[in-house]
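Written below as structure tokens is the structure these notes are about.
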Amino acid sequence: MSDAPTRLHVEALAVLRGGRRVLHDVSFSVAAGEALVLRGPNGAGKTTLLRTIAGYMQPAAGHVRIDGVASDATLGEHCHYVGHLNAVKAQLTVAENLDFWRRYLGGTATDLDTILERLGLDAIADAAAAYLSAGQKRRLALARLLVARRAVWLLDEPTVSLDTDGTATLAAMAGEHCAGGGLVIAATHIDLGIAGARELSLAGRKEAAWALS
Amino acid sequence: MGPFLTLISRDLGLAVREGGALGTVLGFNLIVVSLMPLGLGPDLNLLSRIAPGVLWIALLLSALLSLPRVFEADFEDGSLEALALGSMPLGLVAAAKCAAHWIATAVPLCLLAPLLGLLLNLDVTLLPLLVATLLIGTPAVSFLGGIGAALTLRSRRGGVLIALLVLPLYVPTLIFGISAIDGGGLGTGGAAPSLMILGAISLAAIVLGPLATGAALKAHLS
């Protein structure tokens with residue numbers, strides 16, 4: 001990627017789900033190198049916000065834009081989205097899964113072994129992904145973040161089924177990504193341990209209460 | 001290798017590893033065709049006259065059987081979400097997956113057809129024409145079928161619904177597919193016009209089908 005995003009803006013965003021207003025008048029901006037942690041009770045709209053930024057959902061009002069990038073690429077092409085599903089093919093081996101995403105996403109990472117080792121998957125690189133535990137599948141999904149460089153990481157409950165070691169690895173990866181000029185927006189209930197992360201509380205429901213701390 | 005070919009080769013690789021899926025489709029095709037002589041009696045003239053129609057209809061039903069799986073697995077395991085963030089629009093993702101379906105399912109069905117034609121006493125000189133007709137006509141089966149597969153992704157009774165949505169779209173392909181084989185049998189070079197129309201239907205399906213399929217996939221992701 002030749003162009004580097006400098007700032008992601010979310011402006012007066014409103015999103016409807018099934019006719020119900022899930023997000024109302026949400027505005028914030030995240031600069032390159034910053035991490036933002038979304039907090040809020042179940043149903044507050046954390047997932048909806050992340051999926052709207054990724055471009056899966058169309059906002060009813062407001063918009064999302066990124067400064068500093070060529071305008072012909074869609075927002076989604078600057079994003080990695082790791083949600084509740086891992087996008088792991090059971091029939092392929094661990095290494096084949098990762099290699100597919102590297103080639104499909106046009107990744108420049110040449111050393112997949114190092115990435116697998118980083119996530120503790122190197123010993124099972126040739127095993128069929130069908131035999132992975134839930135935590136190992138999640139690690140494989142997170143490995144996707146490293147095979148192709150994308151400026152914006154959108155992480156929805158990324159620590160689900162990860163052990164403490166995996167959570168620490170994820171926090172380190174997010175920290176390095178920010179240090180390298182990337183952005184991380186993560187929705188989580190537990191502390192990710194990303195150094196210097198800001199927090200955004202989505203109160204949800206009818207009131208449009210939200211606050212940056 | 002660009003993302004388009006990467007996706008096709010992954011889908012073909014997955015199809016090879018779960019070879020049982022293709023076996024089911026080919027077995028279904030074989031059984032439908034071999035039930036015909038049992039149902040209609042051993043009238044060889046009748047069988048050879050209706051053979052093109054029987055072979056086409058059996059192929060459409062067999063292909064229909066395999067359609068629900070085209071997008072289902074990718075949707076359920078989250079691959080579709082990640083595929084949507086690639087450099088290709090969802091229409092091209094749909095086109096790649098339909099192309100893989102054609103290669104992995106429709107082409108084997110076409111290659112099985114001459115064998116089944118023998119079962120129905122189809123004139124042996126017509127067998128090359130039969131294969132050519134099926135190969136030219138079946139891209140429409142995969143690319144129009146993709147629309148139905150994408151629209152019915154989250155519905156409980158998806159399989160039946162696909163049949164209702166997609167079979168009517170196959171009518172032109174069926175009509176010209178049969179008339180091409182019948183025209184060849186007349187010995188007047190009558191197959192060419194039907195084959196050209198069949199090709200035109202397939203080309204139109206390849207261009208227009210993925211647009212509708214991509215839109216349906218986008219709606220499912222939101």
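Chain labels follow the order of the structure tokens: the first chain is A, the next B, and so on; residue numbering restarts at 1 in every chain, and ligands are counted from 1 in their shown order.
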
Worksheet item: Within 6 Å of chain A, which residues of chain B show up when using only C-alpha atoms, listed as a ChimeraX atom specification?
Response: /B:3,77-79,85-86,221-222

Would you export the selected residues with C-alpha atoms as a short mmCIF file (atom, residue, chain, number, x, y, z; two decimals), in the first residue's frame, please?
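Written out: again-v1.cif:
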data_model
loop_
_atom_site.label_atom_id
_atom_site.label_comp_id
_atom_site.auth_asym_id
_atom_site.auth_seq_id
_atom_site.Cartn_x
_atom_site.Cartn_y
_atom_site.Cartn_z
CA PRO B 3 -7.31 -12.80 -6.37
CA ASP B 77 -17.52 -19.79 8.54
CA GLY B 78 -17.02 -16.07 7.96
CA SER B 79 -14.90 -16.43 4.83
CA LEU B 85 -12.72 -6.89 2.02
CA GLY B 86 -10.47 -7.95 -0.86
CA LEU B 221 -23.55 -9.42 4.94
CA SER B 222 -25.34 -6.35 6.28
#

Fill in: Residue neighbourhood Met173 in chain A, 12 Å, only C-alpha atoms, exclusion window fewer than 5 positions, as a ChimeraX atom specification
/A:35,115,118-119,139,142-146,153,166-168,178-180,182-184,192-195

Item to complete: Could you give me the residues within range 51-156 of chain B that DSSP places in alpha helix (DSSP H), as a count of residues only?
Response: 80

Discussion item. List the spatial neighbours of Ser142 in chain B as number ranges by chain - criterion: any atom at most 7 Å away, only C-alpha atoms, same-chain residues fewer than 3 positions off excluded.
Written reply: B: 98, 101-102, 138-139, 145-146

Hey, can you spit out that residue selection with N, CA and C atoms as an mmCIF file, in the first residue's frame?
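Okay, again.cif is ready:
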data_model
loop_
_atom_site.group_PDB
_atom_site.id
_atom_site.type_symbol
_atom_site.label_atom_id
_atom_site.label_comp_id
_atom_site.auth_asym_id
_atom_site.auth_seq_id
_atom_site.Cartn_x
_atom_site.Cartn_y
_atom_site.Cartn_z
ATOM 1 N N CYS B 98 -18.844 -19.113 -8.943
ATOM 2 C CA CYS B 98 -19.695 -19.793 -9.935
ATOM 3 C C CYS B 98 -18.826 -20.497 -10.978
ATOM 4 N N HIS B 101 -17.705 -23.620 -9.504
ATOM 5 C CA HIS B 101 -18.810 -24.585 -9.503
ATOM 6 C C HIS B 101 -18.968 -25.226 -10.875
ATOM 7 N N TRP B 102 -18.817 -24.407 -11.931
ATOM 8 C CA TRP B 102 -18.948 -24.955 -13.298
ATOM 9 C C TRP B 102 -17.867 -26.001 -13.549
ATOM 10 N N THR B 138 -24.026 -25.226 -20.097
ATOM 11 C CA THR B 138 -23.990 -25.295 -18.636
ATOM 12 C C THR B 138 -23.404 -24.077 -17.910
ATOM 13 N N PRO B 139 -22.584 -23.212 -18.546
ATOM 14 C CA PRO B 139 -22.211 -22.001 -17.795
ATOM 15 C C PRO B 139 -23.430 -21.230 -17.304
ATOM 16 N N GLY B 145 -27.646 -20.142 -11.482
ATOM 17 C CA GLY B 145 -27.881 -20.851 -10.225
ATOM 18 C C GLY B 145 -27.285 -20.111 -9.044
ATOM 19 N N GLY B 146 -26.166 -19.417 -9.283
ATOM 20 C CA GLY B 146 -25.535 -18.641 -8.216
ATOM 21 C C GLY B 146 -26.479 -17.610 -7.620
#

Response to the item:
One residue among A:Gly33, A:Gly40, A:Pro158, A:Gly120 is nearest to Ala197 in chain A when using only C-alpha atoms, and that residue is A:Gly33

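The residue that comes closest to Gly158 in chain B, out of B:Leu80, B:Ala94, B:Leu64, B:Ala204 and on the basis of only C-alpha atoms, is B:Leu64.
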
Worksheet entry | Surrounding residues of Val16 in chain B excluding itself and chain neighbours under 4 positions, 12 Å, only C-alpha atoms, as an NGL selection string | (:A and (91-92)) or (:B and (9-12 or 20-23 or 100-101 or 103-105))

Using N, CA and C atoms, can you export the residues from the last selection as a PDB file, in the first residue's frame?
ATOM      1  N   GLN A  91     -11.060 -28.013   5.683  1.00  0.00           N
ATOM      2  CA  GLN A  91     -10.422 -28.998   4.797  1.00  0.00           C
ATOM      3  C   GLN A  91      -8.971 -28.651   4.495  1.00  0.00           C
ATOM      4  N   LEU A  92      -8.600 -27.375   4.682  1.00  0.00           N
ATOM      5  CA  LEU A  92      -7.228 -26.968   4.372  1.00  0.00           C
ATOM      6  C   LEU A  92      -6.363 -27.060   5.633  1.00  0.00           C
TER       7      LEU A  92
ATOM      8  N   SER B   9      -8.953 -21.361  -7.630  1.00  0.00           N
ATOM      9  CA  SER B   9      -8.120 -22.533  -7.349  1.00  0.00           C
ATOM     10  C   SER B   9      -8.356 -23.033  -5.925  1.00  0.00           C
ATOM     11  N   ARG B  10      -8.663 -22.129  -4.980  1.00  0.00           N
ATOM     12  CA  ARG B  10      -8.985 -22.611  -3.640  1.00  0.00           C
ATOM     13  C   ARG B  10     -10.278 -23.429  -3.660  1.00  0.00           C
ATOM     14  N   ASP B  11     -11.303 -22.925  -4.378  1.00  0.00           N
ATOM     15  CA  ASP B  11     -12.572 -23.641  -4.411  1.00  0.00           C
ATOM     16  C   ASP B  11     -12.435 -24.994  -5.094  1.00  0.00           C
ATOM     17  N   LEU B  12     -11.597 -25.052  -6.140  1.00  0.00           N
ATOM     18  CA  LEU B  12     -11.377 -26.342  -6.809  1.00  0.00           C
ATOM     19  C   LEU B  12     -10.652 -27.292  -5.863  1.00  0.00           C
ATOM     20  N   GLY B  20     -16.667 -36.412  -2.032  1.00  0.00           N
ATOM     21  CA  GLY B  20     -17.975 -37.024  -1.849  1.00  0.00           C
ATOM     22  C   GLY B  20     -19.100 -36.196  -2.446  1.00  0.00           C
ATOM     23  N   ALA B  21     -18.936 -34.869  -2.427  1.00  0.00           N
ATOM     24  CA  ALA B  21     -19.988 -33.996  -2.941  1.00  0.00           C
ATOM     25  C   ALA B  21     -20.212 -34.253  -4.428  1.00  0.00           C
ATOM     26  N   LEU B  22     -19.112 -34.353  -5.186  1.00  0.00           N
ATOM     27  CA  LEU B  22     -19.231 -34.606  -6.619  1.00  0.00           C
ATOM     28  C   LEU B  22     -19.809 -35.996  -6.865  1.00  0.00           C
ATOM     29  N   GLY B  23     -19.377 -36.973  -6.054  1.00  0.00           N
ATOM     30  CA  GLY B  23     -19.893 -38.330  -6.195  1.00  0.00           C
ATOM     31  C   GLY B  23     -21.403 -38.376  -6.034  1.00  0.00           C
ATOM     32  N   ALA B 100     -15.885 -21.739 -10.458  1.00  0.00           N
ATOM     33  CA  ALA B 100     -15.369 -22.952  -9.807  1.00  0.00           C
ATOM     34  C   ALA B 100     -16.448 -24.026  -9.758  1.00  0.00           C
ATOM     35  N   HIS B 101     -17.705 -23.620  -9.504  1.00  0.00           N
ATOM     36  CA  HIS B 101     -18.810 -24.585  -9.503  1.00  0.00           C
ATOM     37  C   HIS B 101     -18.968 -25.226 -10.875  1.00  0.00           C
ATOM     38  N   ILE B 103     -16.621 -25.656 -13.194  1.00  0.00           N
ATOM     39  CA  ILE B 103     -15.521 -26.594 -13.468  1.00  0.00           C
ATOM     40  C   ILE B 103     -15.655 -27.858 -12.612  1.00  0.00           C
ATOM     41  N   ALA B 104     -16.016 -27.686 -11.347  1.00  0.00           N
ATOM     42  CA  ALA B 104     -15.981 -28.827 -10.424  1.00  0.00           C
ATOM     43  C   ALA B 104     -17.233 -29.690 -10.504  1.00  0.00           C
ATOM     44  N   THR B 105     -18.354 -29.127 -10.939  1.00  0.00           N
ATOM     45  CA  THR B 105     -19.604 -29.897 -10.928  1.00  0.00           C
ATOM     46  C   THR B 105     -20.202 -30.065 -12.323  1.00  0.00           C
TER      47      THR B 105
END

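Proximity to Ser66 in chain B was assessed for B:Leu5, B:Ala15, B:Leu47, B:Leu92 counting only C-alpha atoms; the smallest distance is recorded for B:Ala15.
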
Practice prompt. Can you pull out every residue within 9 Å of Gly62 in chain A, counting only C-alpha atoms, but drop anything in the same chain fewer than 2 positions away, and send it as a PyMOL selection string?
Written response: chain A and resi 10-15+25-27+59-60+64

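Using only C-alpha atoms, the protein and nucleic acid residues lying no more than 10 Å from Ala219 in chain B, apart from those fewer than 4 places from it along its own chain, are Tyr56 and Met57 of chain A; Ala150, Leu151, Thr213, Gly214 and Ala215 of chain B.
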
Item to complete: Report the distance between CA of Leu211 in chain B and CA of Ala140 in chain B in Å, rounded to one decimal place.
Response: 13.8 Å
